[in-house]
>>> print(open('query-v2.txt').read())   # compact mmCIF, C-alpha atoms
# COMPACT_ATOMS: atom_id res chain seq x y z
CA MET A 21 22.43 20.74 -21.38
CA SER A 22 19.25 18.78 -22.05
CA SER A 23 16.15 20.83 -21.37
CA TRP A 24 14.51 18.07 -19.30
CA LEU A 25 17.20 18.49 -16.66
CA THR A 26 16.10 22.01 -15.78
CA ASP A 27 12.59 22.44 -17.21
CA ILE A 28 9.81 22.90 -14.67
CA ARG A 29 7.49 19.88 -14.96
CA GLY A 30 9.54 18.69 -17.93
CA ARG A 31 9.09 15.13 -19.16
CA VAL A 32 12.21 13.02 -18.74
CA PRO A 33 12.94 10.43 -21.48
CA LEU A 34 12.65 6.78 -20.50
CA MET A 35 16.32 5.80 -20.21
CA PRO A 36 17.43 8.94 -18.34
CA SER A 37 14.41 8.46 -16.06
CA ILE A 38 15.52 4.90 -15.25
CA LEU A 39 19.10 6.02 -14.63
CA LEU A 40 18.03 8.91 -12.39
CA GLY A 41 15.75 6.60 -10.44
CA ALA A 42 18.60 4.13 -9.94
CA LEU A 43 20.99 6.75 -8.52
CA PRO A 44 19.42 7.01 -5.02
CA ILE A 45 19.19 3.21 -4.77
CA LEU A 46 22.84 2.80 -5.74
CA ALA A 47 23.82 5.54 -3.28
CA LEU A 48 21.97 3.77 -0.45
CA LEU A 49 23.62 0.45 -1.35
CA ALA A 50 27.04 2.13 -1.40
CA ILE A 51 26.46 3.70 2.04
CA TRP A 52 25.20 0.35 3.35
CA TRP A 53 28.30 -1.41 2.02
CA LEU A 54 30.67 1.20 3.48
CA LEU A 55 29.06 0.97 6.92
CA THR A 56 29.29 -2.83 6.98
CA ALA A 57 32.59 -3.43 5.14
CA GLY A 58 35.56 -5.16 6.77
CA PRO A 59 35.95 -7.63 9.63
CA VAL A 60 33.13 -7.83 12.16
CA GLU A 61 35.17 -6.34 15.02
CA GLU A 62 36.17 -3.31 12.91
CA ARG A 63 32.73 -2.36 11.62
CA THR A 64 31.05 0.93 12.40
CA ILE A 65 27.74 -0.86 13.11
CA SER A 66 27.39 -4.30 14.67
CA PRO A 67 26.27 -7.02 12.21
CA THR A 68 23.51 -7.98 14.66
CA ILE A 69 22.00 -4.55 13.91
CA LEU A 70 23.00 -4.05 10.28
CA PRO A 71 24.46 -7.01 8.38
CA SER A 72 26.33 -6.41 5.15
CA PRO A 73 24.64 -6.73 1.74
CA GLY A 74 26.67 -9.89 1.16
CA GLU A 75 25.49 -11.43 4.43
CA VAL A 76 21.89 -10.62 3.58
CA ALA A 77 22.26 -12.12 0.10
CA GLY A 78 23.84 -15.20 1.66
CA GLN A 79 20.59 -15.93 3.49
CA VAL A 80 18.56 -16.16 0.27
CA PRO A 81 19.13 -19.92 -0.28
CA GLU A 82 18.25 -20.71 3.34
CA LEU A 83 15.09 -18.62 3.23
CA PHE A 84 13.93 -20.24 -0.01
CA ALA A 85 14.78 -23.72 1.30
CA LYS A 86 12.51 -23.53 4.36
CA ARG A 87 9.52 -25.87 4.33
CA THR A 88 6.14 -25.89 6.03
CA GLU A 89 4.90 -28.83 8.10
CA ASP A 90 3.18 -30.31 5.05
CA GLY A 91 6.33 -30.01 2.92
CA GLY A 92 5.39 -26.89 0.95
CA ASN A 93 7.62 -23.89 0.36
CA ALA A 94 7.47 -21.75 3.52
CA LEU A 95 8.27 -18.45 1.81
CA LEU A 96 5.55 -18.96 -0.81
CA HIS A 97 3.11 -19.85 1.98
CA HIS A 98 3.94 -16.63 3.86
CA VAL A 99 3.63 -14.50 0.71
CA LEU A 100 0.27 -16.02 -0.26
CA SER A 101 -1.06 -15.63 3.29
CA SER A 102 -0.18 -11.93 3.32
CA LEU A 103 -1.61 -11.41 -0.17
CA ARG A 104 -4.88 -13.07 0.81
CA ARG A 105 -5.23 -10.92 3.92
CA VAL A 106 -4.43 -7.70 2.09
CA TRP A 107 -6.93 -8.46 -0.68
CA VAL A 108 -9.75 -9.53 1.65
CA GLY A 109 -9.23 -6.51 3.90
CA PHE A 110 -8.99 -4.27 0.85
CA LEU A 111 -12.25 -5.54 -0.64
CA ILE A 112 -14.12 -5.19 2.66
CA GLY A 113 -12.71 -1.69 3.14
CA CYS A 114 -13.74 -0.73 -0.41
CA ALA A 115 -17.24 -2.12 0.15
CA VAL A 116 -17.58 0.30 3.08
CA ALA A 117 -15.64 3.35 1.88
CA LEU A 118 -16.79 3.56 -1.75
CA PRO A 119 -20.58 3.87 -1.30
CA ILE A 120 -20.26 6.13 1.75
CA GLY A 121 -17.61 8.27 0.05
CA ILE A 122 -19.60 8.60 -3.17
CA ALA A 123 -22.73 9.58 -1.25
CA ALA A 124 -20.78 12.08 0.87
CA GLY A 125 -19.13 13.58 -2.20
CA ALA A 126 -22.46 13.93 -4.00
CA PHE A 127 -24.80 15.03 -1.21
CA GLY A 128 -24.01 17.77 1.29
CA SER A 129 -26.30 16.26 3.92
CA VAL A 130 -24.38 12.97 3.89
CA ARG A 131 -21.08 14.82 3.99
CA ALA A 132 -22.25 16.78 7.03
CA MET A 133 -22.85 13.48 8.82
CA VAL A 134 -19.64 11.80 7.68
CA ALA A 135 -17.18 14.72 7.95
CA PRO A 136 -16.75 14.65 11.76
CA LEU A 137 -16.10 10.89 11.66
CA MET A 138 -13.59 11.26 8.82
CA THR A 139 -11.75 14.02 10.68
CA ALA A 140 -11.64 12.05 13.93
CA ALA A 141 -10.60 8.81 12.19
CA GLY A 142 -7.76 10.61 10.45
CA TYR A 143 -6.11 11.21 13.82
CA ILE A 144 -6.35 7.61 15.00
CA PRO A 145 -2.93 5.87 15.01
CA ILE A 146 -3.54 2.78 12.88
CA ALA A 147 -1.33 0.67 15.16
CA THR A 148 -3.79 1.12 18.03
CA LEU A 149 -6.43 -0.74 16.02
CA VAL A 150 -4.45 -3.98 16.31
CA PRO A 151 -4.97 -4.53 20.07
CA LEU A 152 -8.49 -3.13 19.73
CA THR A 153 -9.49 -5.67 17.08
CA MET A 154 -7.71 -8.40 19.05
CA SER A 155 -9.91 -7.65 22.06
CA TRP A 156 -13.00 -7.76 19.82
CA PHE A 157 -12.28 -10.72 17.54
CA GLY A 158 -9.45 -12.67 19.16
CA THR A 159 -6.34 -13.58 17.19
CA ASP A 160 -7.74 -15.59 14.29
CA GLU A 161 -8.04 -14.60 10.63
CA LYS A 162 -11.17 -12.54 11.27
CA GLN A 163 -9.12 -10.11 13.38
CA LYS A 164 -6.62 -9.55 10.58
CA TYR A 165 -9.33 -9.01 7.98
CA ILE A 166 -11.27 -6.55 10.15
CA PHE A 167 -8.14 -4.63 11.13
CA LEU A 168 -7.06 -4.26 7.51
CA ALA A 169 -10.59 -3.36 6.40
CA MET A 170 -10.76 -0.61 9.05
CA ALA A 171 -7.33 0.70 8.07
CA PHE A 172 -8.21 0.71 4.37
CA ALA A 173 -11.57 2.41 4.96
CA ILE A 174 -10.04 5.14 7.15
CA TYR A 175 -7.48 5.91 4.44
CA LEU A 176 -9.78 5.54 1.45
CA LEU A 177 -12.94 7.35 2.53
CA PRO A 178 -11.57 10.94 2.36
CA GLN A 179 -9.96 10.18 -1.00
CA VAL A 180 -13.28 8.98 -2.46
CA VAL A 181 -15.10 12.08 -1.18
CA LYS A 182 -12.39 14.28 -2.68
CA ALA A 183 -12.58 12.50 -6.06
CA ILE A 184 -16.37 12.95 -6.34
CA ASP A 185 -16.20 16.52 -5.07
CA ALA A 186 -13.58 17.37 -7.73
CA VAL A 187 -16.04 16.78 -10.62
CA PRO A 188 -16.93 20.23 -12.05
CA ASP A 189 -20.49 21.35 -11.27
CA VAL A 190 -21.15 22.12 -14.92
CA PHE A 191 -21.59 18.41 -15.71
CA ALA A 192 -24.23 17.92 -13.02
CA ARG A 193 -26.05 21.12 -14.00
CA THR A 194 -26.11 20.04 -17.64
CA ALA A 195 -27.54 16.63 -16.68
CA PHE A 196 -30.24 18.25 -14.55
CA THR A 197 -31.12 20.56 -17.45
CA LEU A 198 -31.64 17.50 -19.63
CA GLY A 199 -34.05 16.03 -17.08
CA SER A 200 -31.83 13.61 -15.16
CA SER A 201 -32.74 12.57 -11.63
CA ARG A 202 -30.35 12.97 -8.70
CA LEU A 203 -29.56 9.25 -8.61
CA HIS A 204 -28.96 9.24 -12.36
CA VAL A 205 -26.54 12.17 -12.04
CA VAL A 206 -24.58 10.33 -9.37
CA ARG A 207 -24.46 7.03 -11.28
CA LYS A 208 -24.03 8.31 -14.82
CA VAL A 209 -22.23 11.63 -14.39
CA LEU A 210 -20.32 12.06 -11.14
CA VAL A 211 -18.96 8.53 -10.73
CA PRO A 212 -17.87 7.98 -14.37
CA ILE A 213 -16.08 11.34 -14.50
CA ALA A 214 -14.41 10.66 -11.14
CA LEU A 215 -13.34 7.11 -12.06
CA PRO A 216 -9.68 7.98 -12.86
CA ASP A 217 -9.29 9.70 -9.50
CA LEU A 218 -11.11 6.85 -7.76
CA TRP A 219 -8.78 4.36 -9.41
CA HIS A 220 -5.78 6.38 -8.24
CA ALA A 221 -7.16 6.42 -4.69
CA LEU A 222 -7.62 2.63 -4.76
CA ARG A 223 -4.08 2.22 -6.06
CA LEU A 224 -2.62 4.31 -3.24
CA ALA A 225 -4.74 2.56 -0.62
CA PHE A 226 -3.63 -0.89 -1.78
CA GLY A 227 0.00 0.17 -1.50
CA VAL A 228 -0.50 1.52 2.00
CA GLY A 229 -2.03 -1.81 2.97
CA TRP A 230 1.37 -3.45 2.81
CA THR A 231 2.52 -1.29 5.71
CA TYR A 232 -0.52 -2.38 7.70
CA ILE A 233 -0.16 -6.12 7.13
CA VAL A 234 3.19 -6.24 8.93
CA LEU A 235 1.60 -4.64 12.01
CA THR A 236 -0.99 -7.33 12.54
CA GLU A 237 1.11 -10.31 11.43
CA ALA A 238 4.04 -9.30 13.65
CA LEU A 239 1.83 -8.93 16.73
CA VAL A 240 -0.51 -11.85 16.04
CA LEU A 241 1.97 -14.57 15.15
CA SER A 242 0.66 -17.24 12.80
CA ASP A 243 2.10 -16.89 9.31
CA GLY A 244 2.70 -14.23 6.66
CA LEU A 245 5.55 -11.85 5.91
CA GLY A 246 5.06 -9.91 9.14
CA PHE A 247 5.39 -13.20 11.01
CA LEU A 248 8.60 -13.86 9.09
CA VAL A 249 10.03 -10.48 10.16
CA GLU A 250 9.14 -10.99 13.83
CA THR A 251 10.44 -14.57 13.89
CA ALA A 252 13.77 -13.46 12.44
CA ARG A 253 13.97 -10.67 15.02
CA ARG A 254 13.38 -13.07 17.90
CA ARG A 255 15.26 -16.15 16.80
CA GLY A 256 17.47 -15.00 13.95
CA PRO A 257 19.11 -14.94 11.57
CA ARG A 258 18.69 -11.15 11.55
CA GLU A 259 19.60 -11.01 7.87
CA GLN A 260 16.20 -12.46 7.05
CA ILE A 261 14.53 -9.33 8.45
CA TYR A 262 16.08 -7.33 5.63
CA LEU A 263 15.21 -10.00 3.08
CA ALA A 264 11.58 -9.94 4.20
CA ILE A 265 11.54 -6.14 3.93
CA LEU A 266 12.92 -6.38 0.40
CA ILE A 267 10.30 -9.00 -0.52
CA ILE A 268 7.46 -6.84 0.84
CA THR A 269 8.82 -3.83 -1.04
CA ALA A 270 9.10 -5.81 -4.28
CA ILE A 271 5.55 -7.18 -4.01
CA ALA A 272 4.11 -3.75 -3.23
CA TRP A 273 6.08 -2.19 -6.10
CA LEU A 274 4.94 -4.84 -8.59
CA ALA A 275 1.33 -4.44 -7.44
CA ASP A 276 1.57 -0.67 -7.83
CA LEU A 277 3.05 -1.12 -11.31
CA LEU A 278 0.13 -3.40 -12.23
CA TRP A 279 -2.40 -0.86 -10.93
CA GLU A 280 -0.65 1.86 -12.92
CA ARG A 281 -0.57 -0.18 -16.15
CA ILE A 282 -4.24 -1.11 -15.87
CA GLY A 283 -5.06 2.54 -15.17
CA ARG A 284 -3.29 3.59 -18.35
CA ARG A 285 -5.42 1.14 -20.33
CA LEU A 286 -8.68 2.14 -18.67
CA PHE A 287 -8.12 5.90 -18.61
CA PRO A 288 -5.60 6.81 -21.33
CA TYR A 289 -7.06 10.31 -21.50
CA ARG A 290 -6.03 11.01 -17.89
CA MET A 291 -2.71 9.20 -17.62
CA ARG A 292 0.55 10.87 -18.55
CA ARG A 293 3.22 8.93 -20.36
>>> encode(input="query-v2.txt", output="structure tokens")
Amino acid sequence: MSSWLTDIRGRVPLMPSILLGALPILALLAIWWLLTAGPVEERTISPTILPSPGEVAGQVPELFAKRTEDGGNALLHHVLSSLRRVWVGFLIGCAVALPIGIAAGAFGSVRAMVAPLMTAAGYIPIATLVPLTMSWFGTDEKQKYIFLAMAFAIYLLPQVVKAIDAVPDVFARTAFTLGSSRLHVVRKVLVPIALPDLWHALRLAFGVGWTYIVLTEALVLSDGLGFLVETARRRGPREQIYLAILIITAIAWLADLLWERIGRRLFPYRMRR
């Protein structure tokens, strides 16, 4: 038996890793197919609740054929709208969370001020921020950006503090011994050493953002992938709900893969193969 099958923290070769990763997906597809196989009246689950894989795949041409009022591709329009909102909200959230998190991780006085807010914010259900931001900013694009920025900042801030706090004290003490100022230690010692962990935190936050975008787009109907899901739920065909979920998953997975690849290039000394 290959050692990687039983070794604790063993590294799995590439091809076996791909095959092992495919097994749960194939198992889910098999269960899905079994639950939806056969004539409609004989199925375990109604097709209005769970259509078969074939029925979902059959909706692909219709979904890709939809057009906007100006004649553009509707699916591409929805994807680009969601991407724009996620990126704008992400950048605003980073602009808030990064400087506050770095300061809180470096200075105990700042952390003492921020810690109660971080703890309280961690218990806020993100979904409740949607009606809150709607009451503040209406239902236009500003509401979506602010909601996503708040959600990103709430998730990201503790991760940034943790990344800065994880830098060993010996580096700061050495810099002080050499005559560095406090600001210089933060800028030239703490932040550079914490960069791989900060990058990982940004990567995770960006992925989580794709769960948030559906919340606001499904409740504030205009366009985007969340709008696509809610429209299919209300008007049908229901198969397009599952297609939209697959599209969101694929985009988030590709984005995460891009973050991971860039991280390997930027921080090869911290990234495992």
>>> atom_distance(input="query-v2.txt", atom1="atom CA of His97 of chain A", atom2="atom CA of Gln260 of chain A")
15.9 Å
>>> closest_residue(input="query-v2.txt", among="A:Thr236, A:Arg284, A:Val181, A:Tyr262", to="Ala77 of chain A", atoms="all atoms listed in the file")
A:Tyr262
>>> atom_distance(input="query-v2.txt", atom1="atom CA of Tyr289 of chain A", atom2="atom CA of Gly30 of chain A")
18.9 Å
>>> residues_near_point(input="query-v2.txt", point="(-10.8, 4.3, -7.0)", cutoff="10 Å", atoms="only C-alpha atoms", output="list in words")
Cys114, Leu118, Leu176, Gln179, Val180, Ala183, Val211, Ala214, Leu215, Pro216, Asp217, Leu218, Trp219, His220, Ala221, Leu222, Arg223, Leu224 and Ala225 of chain A
>>> write_last_selection(input="query-v2.txt", atoms="C-alpha atoms", output="short mmCIF file (atom, residue, chain, number, x, y, z; two decimals), in the frame of the given file")
data_model
loop_
_atom_site.label_atom_id
_atom_site.label_comp_id
_atom_site.auth_asym_id
_atom_site.auth_seq_id
_atom_site.Cartn_x
_atom_site.Cartn_y
_atom_site.Cartn_z
CA CYS A 114 -13.74 -0.73 -0.41
CA LEU A 118 -16.79 3.56 -1.75
CA LEU A 176 -9.78 5.54 1.45
CA GLN A 179 -9.96 10.18 -1.00
CA VAL A 180 -13.28 8.98 -2.46
CA ALA A 183 -12.58 12.50 -6.06
CA VAL A 211 -18.96 8.53 -10.73
CA ALA A 214 -14.41 10.66 -11.14
CA LEU A 215 -13.34 7.11 -12.06
CA PRO A 216 -9.68 7.98 -12.86
CA ASP A 217 -9.29 9.70 -9.50
CA LEU A 218 -11.11 6.85 -7.76
CA TRP A 219 -8.78 4.36 -9.41
CA HIS A 220 -5.78 6.38 -8.24
CA ALA A 221 -7.16 6.42 -4.69
CA LEU A 222 -7.62 2.63 -4.76
CA ARG A 223 -4.08 2.22 -6.06
CA LEU A 224 -2.62 4.31 -3.24
CA ALA A 225 -4.74 2.56 -0.62
#
>>> residues_around(input="query-v2.txt", residues="Thr231 of chain A", least_positions_apart="3", cutoff="10 Å", atoms="only C-alpha atoms", output="PyMOL selection string")
chain A and resi 226-228+234-236+246+268-269+272
>>> write_last_selection(input="query-v2.txt", atoms="C-alpha atoms", output="short mmCIF file (atom, residue, chain, number, x, y, z; two decimals), in the coordinates of the input")
data_model
loop_
_atom_site.label_atom_id
_atom_site.label_comp_id
_atom_site.auth_asym_id
_atom_site.auth_seq_id
_atom_site.Cartn_x
_atom_site.Cartn_y
_atom_site.Cartn_z
CA PHE A 226 -3.63 -0.89 -1.78
CA GLY A 227 0.00 0.17 -1.50
CA VAL A 228 -0.50 1.52 2.00
CA VAL A 234 3.19 -6.24 8.93
CA LEU A 235 1.60 -4.64 12.01
CA THR A 236 -0.99 -7.33 12.54
CA GLY A 246 5.06 -9.91 9.14
CA ILE A 268 7.46 -6.84 0.84
CA THR A 269 8.82 -3.83 -1.04
CA ALA A 272 4.11 -3.75 -3.23
#
>>> atom_distance(input="query-v2.txt", atom1="atom CA of Gly256 of chain A", atom2="atom CA of Leu100 of chain A")
22.3 Å
>>> residues_near_point(input="query-v2.txt", point="(-12.0, -9.6, 1.0)", cutoff="12 Å", atoms="only C-alpha atoms", output="PDB file with C-alpha atoms, keeping the file's coordinate frame")
ATOM      1  CA  LEU A 103      -1.610 -11.410  -0.170  1.00  0.00           C
ATOM      2  CA  ARG A 104      -4.880 -13.070   0.810  1.00  0.00           C
ATOM      3  CA  ARG A 105      -5.230 -10.920   3.920  1.00  0.00           C
ATOM      4  CA  VAL A 106      -4.430  -7.700   2.090  1.00  0.00           C
ATOM      5  CA  TRP A 107      -6.930  -8.460  -0.680  1.00  0.00           C
ATOM      6  CA  VAL A 108      -9.750  -9.530   1.650  1.00  0.00           C
ATOM      7  CA  GLY A 109      -9.230  -6.510   3.900  1.00  0.00           C
ATOM      8  CA  PHE A 110      -8.990  -4.270   0.850  1.00  0.00           C
ATOM      9  CA  LEU A 111     -12.250  -5.540  -0.640  1.00  0.00           C
ATOM     10  CA  ILE A 112     -14.120  -5.190   2.660  1.00  0.00           C
ATOM     11  CA  GLY A 113     -12.710  -1.690   3.140  1.00  0.00           C
ATOM     12  CA  CYS A 114     -13.740  -0.730  -0.410  1.00  0.00           C
ATOM     13  CA  ALA A 115     -17.240  -2.120   0.150  1.00  0.00           C
ATOM     14  CA  VAL A 116     -17.580   0.300   3.080  1.00  0.00           C
ATOM     15  CA  GLU A 161      -8.040 -14.600  10.630  1.00  0.00           C
ATOM     16  CA  LYS A 162     -11.170 -12.540  11.270  1.00  0.00           C
ATOM     17  CA  LYS A 164      -6.620  -9.550  10.580  1.00  0.00           C
ATOM     18  CA  TYR A 165      -9.330  -9.010   7.980  1.00  0.00           C
ATOM     19  CA  ILE A 166     -11.270  -6.550  10.150  1.00  0.00           C
ATOM     20  CA  PHE A 167      -8.140  -4.630  11.130  1.00  0.00           C
ATOM     21  CA  LEU A 168      -7.060  -4.260   7.510  1.00  0.00           C
ATOM     22  CA  ALA A 169     -10.590  -3.360   6.400  1.00  0.00           C
ATOM     23  CA  PHE A 172      -8.210   0.710   4.370  1.00  0.00           C
TER      24      PHE A 172
END
>>> axis_aligned_box(input="query-v2.txt", around="segment 36-49 of chain A", padding_each_side="5 Å", output="lines of an AutoDock Vina configuration file")
center_x = 19.1
center_y = 4.7
center_z = -9.4
size_x = 19.4
size_y = 18.5
size_z = 27.9
>>> closest_residue(input="query-v2.txt", among="A:Leu54, A:Ile38, A:Leu239, A:Val80", to="Gln163 of chain A", atoms="all atoms listed in the file")
A:Leu239
>>> closest_residue(input="query-v2.txt", among="A:Thr148, A:Val99, A:Gly121, A:Ile69", to="Ala270 of chain A", atoms="all atoms listed in the file")
A:Val99
>>> closest_residue(input="query-v2.txt", among="A:Leu25, A:Ile184, A:Leu198, A:Leu95", to="Leu40 of chain A", atoms="all atoms listed in the file")
A:Leu25
>>> residues_around(input="query-v2.txt", residues="segment 201-205 of chain A", least_positions_apart="5", cutoff="9 Å", atoms="all atoms listed in the file", output="MDAnalysis selection string")
chainID A and resid 191:192 195:196 210:211
>>> build_atoms(input="query-v2.txt", residues="segment 38-61 of chain A", atoms="N, CA and C atoms", output="PDB file, in the frame of the given file")
ATOM      1  N   ILE A  38      15.098   6.120 -15.945  1.00  0.00           N
ATOM      2  CA  ILE A  38      15.520   4.900 -15.250  1.00  0.00           C
ATOM      3  C   ILE A  38      16.851   5.116 -14.538  1.00  0.00           C
ATOM      4  N   LEU A  39      17.789   5.777 -15.223  1.00  0.00           N
ATOM      5  CA  LEU A  39      19.100   6.020 -14.630  1.00  0.00           C
ATOM      6  C   LEU A  39      18.999   6.942 -13.412  1.00  0.00           C
ATOM      7  N   LEU A  40      18.207   7.993 -13.526  1.00  0.00           N
ATOM      8  CA  LEU A  40      18.030   8.910 -12.390  1.00  0.00           C
ATOM      9  C   LEU A  40      17.369   8.205 -11.214  1.00  0.00           C
ATOM     10  N   GLY A  41      16.404   7.339 -11.509  1.00  0.00           N
ATOM     11  CA  GLY A  41      15.750   6.600 -10.440  1.00  0.00           C
ATOM     12  C   GLY A  41      16.674   5.606  -9.755  1.00  0.00           C
ATOM     13  N   ALA A  42      17.665   5.095 -10.516  1.00  0.00           N
ATOM     14  CA  ALA A  42      18.600   4.130  -9.940  1.00  0.00           C
ATOM     15  C   ALA A  42      19.656   4.787  -9.052  1.00  0.00           C
ATOM     16  N   LEU A  43      19.922   6.074  -9.268  1.00  0.00           N
ATOM     17  CA  LEU A  43      20.990   6.750  -8.520  1.00  0.00           C
ATOM     18  C   LEU A  43      20.777   6.703  -7.002  1.00  0.00           C
ATOM     19  N   PRO A  44      19.595   7.080  -6.476  1.00  0.00           N
ATOM     20  CA  PRO A  44      19.420   7.010  -5.020  1.00  0.00           C
ATOM     21  C   PRO A  44      19.566   5.600  -4.464  1.00  0.00           C
ATOM     22  N   ILE A  45      19.081   4.603  -5.225  1.00  0.00           N
ATOM     23  CA  ILE A  45      19.190   3.210  -4.770  1.00  0.00           C
ATOM     24  C   ILE A  45      20.648   2.793  -4.697  1.00  0.00           C
ATOM     25  N   LEU A  46      21.412   3.131  -5.737  1.00  0.00           N
ATOM     26  CA  LEU A  46      22.840   2.800  -5.740  1.00  0.00           C
ATOM     27  C   LEU A  46      23.574   3.529  -4.624  1.00  0.00           C
ATOM     28  N   ALA A  47      23.183   4.774  -4.365  1.00  0.00           N
ATOM     29  CA  ALA A  47      23.820   5.540  -3.280  1.00  0.00           C
ATOM     30  C   ALA A  47      23.550   4.885  -1.927  1.00  0.00           C
ATOM     31  N   LEU A  48      22.302   4.441  -1.705  1.00  0.00           N
ATOM     32  CA  LEU A  48      21.970   3.770  -0.450  1.00  0.00           C
ATOM     33  C   LEU A  48      22.748   2.458  -0.294  1.00  0.00           C
ATOM     34  N   LEU A  49      22.854   1.696  -1.393  1.00  0.00           N
ATOM     35  CA  LEU A  49      23.620   0.450  -1.350  1.00  0.00           C
ATOM     36  C   LEU A  49      25.087   0.717  -1.045  1.00  0.00           C
ATOM     37  N   ALA A  50      25.635   1.785  -1.641  1.00  0.00           N
ATOM     38  CA  ALA A  50      27.040   2.130  -1.400  1.00  0.00           C
ATOM     39  C   ALA A  50      27.261   2.513   0.066  1.00  0.00           C
ATOM     40  N   ILE A  51      26.347   3.313   0.629  1.00  0.00           N
ATOM     41  CA  ILE A  51      26.460   3.700   2.040  1.00  0.00           C
ATOM     42  C   ILE A  51      26.333   2.464   2.935  1.00  0.00           C
ATOM     43  N   TRP A  52      25.381   1.591   2.603  1.00  0.00           N
ATOM     44  CA  TRP A  52      25.200   0.350   3.350  1.00  0.00           C
ATOM     45  C   TRP A  52      26.484  -0.477   3.325  1.00  0.00           C
ATOM     46  N   TRP A  53      27.074  -0.613   2.151  1.00  0.00           N
ATOM     47  CA  TRP A  53      28.300  -1.410   2.020  1.00  0.00           C
ATOM     48  C   TRP A  53      29.445  -0.788   2.805  1.00  0.00           C
ATOM     49  N   LEU A  54      29.589   0.529   2.754  1.00  0.00           N
ATOM     50  CA  LEU A  54      30.670   1.200   3.480  1.00  0.00           C
ATOM     51  C   LEU A  54      30.522   1.030   4.988  1.00  0.00           C
ATOM     52  N   LEU A  55      29.291   1.095   5.479  1.00  0.00           N
ATOM     53  CA  LEU A  55      29.060   0.970   6.920  1.00  0.00           C
ATOM     54  C   LEU A  55      29.284  -0.445   7.434  1.00  0.00           C
ATOM     55  N   THR A  56      29.199  -1.434   6.540  1.00  0.00           N
ATOM     56  CA  THR A  56      29.290  -2.830   6.980  1.00  0.00           C
ATOM     57  C   THR A  56      30.494  -3.553   6.380  1.00  0.00           C
ATOM     58  N   ALA A  57      31.422  -2.809   5.768  1.00  0.00           N
ATOM     59  CA  ALA A  57      32.590  -3.430   5.140  1.00  0.00           C
ATOM     60  C   ALA A  57      33.633  -3.788   6.206  1.00  0.00           C
ATOM     61  N   GLY A  58      34.454  -4.790   5.899  1.00  0.00           N
ATOM     62  CA  GLY A  58      35.560  -5.160   6.770  1.00  0.00           C
ATOM     63  C   GLY A  58      35.201  -6.230   7.773  1.00  0.00           C
ATOM     64  N   PRO A  59      36.187  -6.625   8.589  1.00  0.00           N
ATOM     65  CA  PRO A  59      35.950  -7.630   9.630  1.00  0.00           C
ATOM     66  C   PRO A  59      34.888  -7.169  10.629  1.00  0.00           C
ATOM     67  N   VAL A  60      34.231  -8.137  11.258  1.00  0.00           N
ATOM     68  CA  VAL A  60      33.130  -7.830  12.160  1.00  0.00           C
ATOM     69  C   VAL A  60      33.551  -6.888  13.275  1.00  0.00           C
ATOM     70  N   GLU A  61      34.737  -7.134  13.871  1.00  0.00           N
ATOM     71  CA  GLU A  61      35.170  -6.340  15.020  1.00  0.00           C
ATOM     72  C   GLU A  61      35.576  -4.920  14.637  1.00  0.00           C
TER      73      GLU A  61
END
